[in-house]
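Accompanying notes for the structure given below.
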Amino acid sequence: MTWRTPFLILPAALVLAQTPAPKPAPAPRPKPAAKPAAPAKPRPAAAAKPKPVAPAEPPVLTVNEEKLTKSDFETLVAALPDQIRARFQSPDSRKKLAQDVAELKAMAQEARRRKMDDDPILKAQIQLQVEQILANALVQQAGKMAAPTEAELRAYYDRNKERYEQVSGRHILVRFKGSPVPARDGRDLTEEEALAKARELRKRVAGGEDFAEVAKKESDDSGSGQAGGDLGTFGRGQMVKSFEDAAFALPVGELSEPVKSQFGYHLIQVKEHKNQTFEEARPMIEQGMGPERSRQFVDEVKKKATIVIDDAYFAAQ
């Protein structure tokens, strides 16, 4: 905006005052300058419409003054381990969970009312649990962010090929007293009697009787016995150690001597030895590398930390 000023009027008045005259006339008084126009008042901006406020979620669970909304409860469910969370999918199971949470919160509130959370030992326990949860979450996050490369997977496979060896076999079981397997004919044989029977059965099979038929008639493992003793294909770590050691050491087609386990005496026959290919073993490799990589990550974090242990204190314990 332009402001009007008197600088055009004042020079003219000065000129008139300097004109010669017999009697100097009083110089005309300059006209008062016009007052500058007041600036226009800005029009007030239209008031912004307030954003609609979302209605507060109603609580789905209330324990005294503590309230849990739907979002709170869903977050609680999401925090459960996968295998436990799977149990709370139906409305009835979720209601049961809410009842359990209510009981837990009621007890915790009462403990706080009694100032139990001020107890130094309880404080230490709570702190340890918090740190354990944080440490576990960090390791899981690191595992997701640093997936093993193809080269690392193959190197792990090459280092651990024996883990991916598989055996297809069958067996005949003769249980003895104390075995968790129920007796086929109700007889509770002693270990000596069970060993003698196993040796007799071995002679029959080695003498030409069909393994499958003997298993169907004599094996105390009713599950595999009905299938002629067939156990299918299994890998290391799936059978008890004495059975695994014998099965993986047996040549194809050879019949074992009686092998003792907590279940009884086994006669084992291997039909095939094979090694899983890298691609077949890949899911197990990825799973197997998890603990190894987690240990490496923990070691890296420890190296970066400043840790001081007072050996003198712990030596005195």
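Lettering and numbering for the structure tokens are positional, with chains as A, B, ... in the shown order, residues counted from 1 in each chain, and ligands counted from 1 in the shown order.
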* To do: Enumerate the residues of range 38-271 of chain A with a DSSP assignment of helix (DSSP H, G or I), computed from the backbone, and present them as JSON, numbers by chain.
  => {"A": [70, 71, 72, 73, 74, 75, 76, 77, 78, 82, 83, 84, 85, 91, 92, 93, 94, 95, 96, 97, 98, 99, 100, 101, 102, 103, 104, 105, 106, 107, 108, 109, 110, 111, 112, 113, 116, 117, 118, 120, 121, 122, 123, 124, 125, 126, 127, 128, 129, 130, 131, 132, 133, 134, 135, 136, 137, 138, 139, 140, 141, 142, 143, 144, 145, 150, 151, 152, 153, 154, 155, 156, 157, 158, 159, 161, 162, 163, 164, 191, 192, 193, 194, 195, 196, 197, 198, 199, 200, 201, 202, 203, 204, 205, 206, 211, 212, 213, 214, 215, 216, 217, 218, 222, 223, 224, 225, 241, 242, 243, 244, 245, 246, 247, 248, 249]}
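Comparing the minimum interatomic distances between Lys177 in chain A and each of A:Arg87, A:Gly264, A:Ser219, A:Val60, counting only C-alpha atoms, we find that A:Gly264 sits nearest.
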* Go through range 91-203 of chain A and collect every residue that DSSP, computed from the backbone, puts in strand (DSSP E or B); the answer should be as a ChimeraX atom specification. => /A:165-174
Residues from last step as file, N, CA, C and O atoms, as a PDB file, in the first residue's frame:
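Output file selection16.pdb follows:
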ATOM      1  N   GLU A 165      22.338 -87.721   6.091  1.00  0.00           N
ATOM      2  CA  GLU A 165      22.264 -89.119   5.665  1.00  0.00           C
ATOM      3  C   GLU A 165      20.940 -89.695   6.157  1.00  0.00           C
ATOM      4  O   GLU A 165      20.487 -89.390   7.264  1.00  0.00           O
ATOM      5  N   GLN A 166      20.340 -90.534   5.347  1.00  0.00           N
ATOM      6  CA  GLN A 166      19.072 -91.158   5.716  1.00  0.00           C
ATOM      7  C   GLN A 166      19.136 -92.661   5.505  1.00  0.00           C
ATOM      8  O   GLN A 166      19.908 -93.158   4.676  1.00  0.00           O
ATOM      9  N   VAL A 167      18.315 -93.356   6.259  1.00  0.00           N
ATOM     10  CA  VAL A 167      18.243 -94.810   6.187  1.00  0.00           C
ATOM     11  C   VAL A 167      16.786 -95.218   6.024  1.00  0.00           C
ATOM     12  O   VAL A 167      15.900 -94.649   6.666  1.00  0.00           O
ATOM     13  N   SER A 168      16.553 -96.185   5.155  1.00  0.00           N
ATOM     14  CA  SER A 168      15.239 -96.829   5.072  1.00  0.00           C
ATOM     15  C   SER A 168      15.414 -98.217   5.672  1.00  0.00           C
ATOM     16  O   SER A 168      16.322 -98.962   5.268  1.00  0.00           O
ATOM     17  N   GLY A 169      14.605 -98.559   6.654  1.00  0.00           N
ATOM     18  CA  GLY A 169      14.803 -99.841   7.321  1.00  0.00           C
ATOM     19  C   GLY A 169      13.549-100.390   7.961  1.00  0.00           C
ATOM     20  O   GLY A 169      12.471 -99.784   7.893  1.00  0.00           O
ATOM     21  N   ARG A 170      13.725-101.537   8.577  1.00  0.00           N
ATOM     22  CA  ARG A 170      12.630-102.191   9.285  1.00  0.00           C
ATOM     23  C   ARG A 170      13.206-102.894  10.508  1.00  0.00           C
ATOM     24  O   ARG A 170      14.428-103.101  10.601  1.00  0.00           O
ATOM     25  N   HIS A 171      12.340-103.254  11.445  1.00  0.00           N
ATOM     26  CA  HIS A 171      12.833-103.912  12.654  1.00  0.00           C
ATOM     27  C   HIS A 171      11.774-104.831  13.249  1.00  0.00           C
ATOM     28  O   HIS A 171      10.574-104.741  12.932  1.00  0.00           O
ATOM     29  N   ILE A 172      12.259-105.676  14.120  1.00  0.00           N
ATOM     30  CA  ILE A 172      11.395-106.528  14.954  1.00  0.00           C
ATOM     31  C   ILE A 172      11.779-106.219  16.396  1.00  0.00           C
ATOM     32  O   ILE A 172      12.969-106.234  16.744  1.00  0.00           O
ATOM     33  N   LEU A 173      10.793-105.911  17.227  1.00  0.00           N
ATOM     34  CA  LEU A 173      11.048-105.551  18.622  1.00  0.00           C
ATOM     35  C   LEU A 173      10.584-106.664  19.555  1.00  0.00           C
ATOM     36  O   LEU A 173       9.457-107.165  19.427  1.00  0.00           O
ATOM     37  N   VAL A 174      11.468-107.017  20.495  1.00  0.00           N
ATOM     38  CA  VAL A 174      11.098-107.928  21.579  1.00  0.00           C
ATOM     39  C   VAL A 174      11.262-107.133  22.870  1.00  0.00           C
ATOM     40  O   VAL A 174      12.381-106.809  23.276  1.00  0.00           O
TER      41      VAL A 174
END
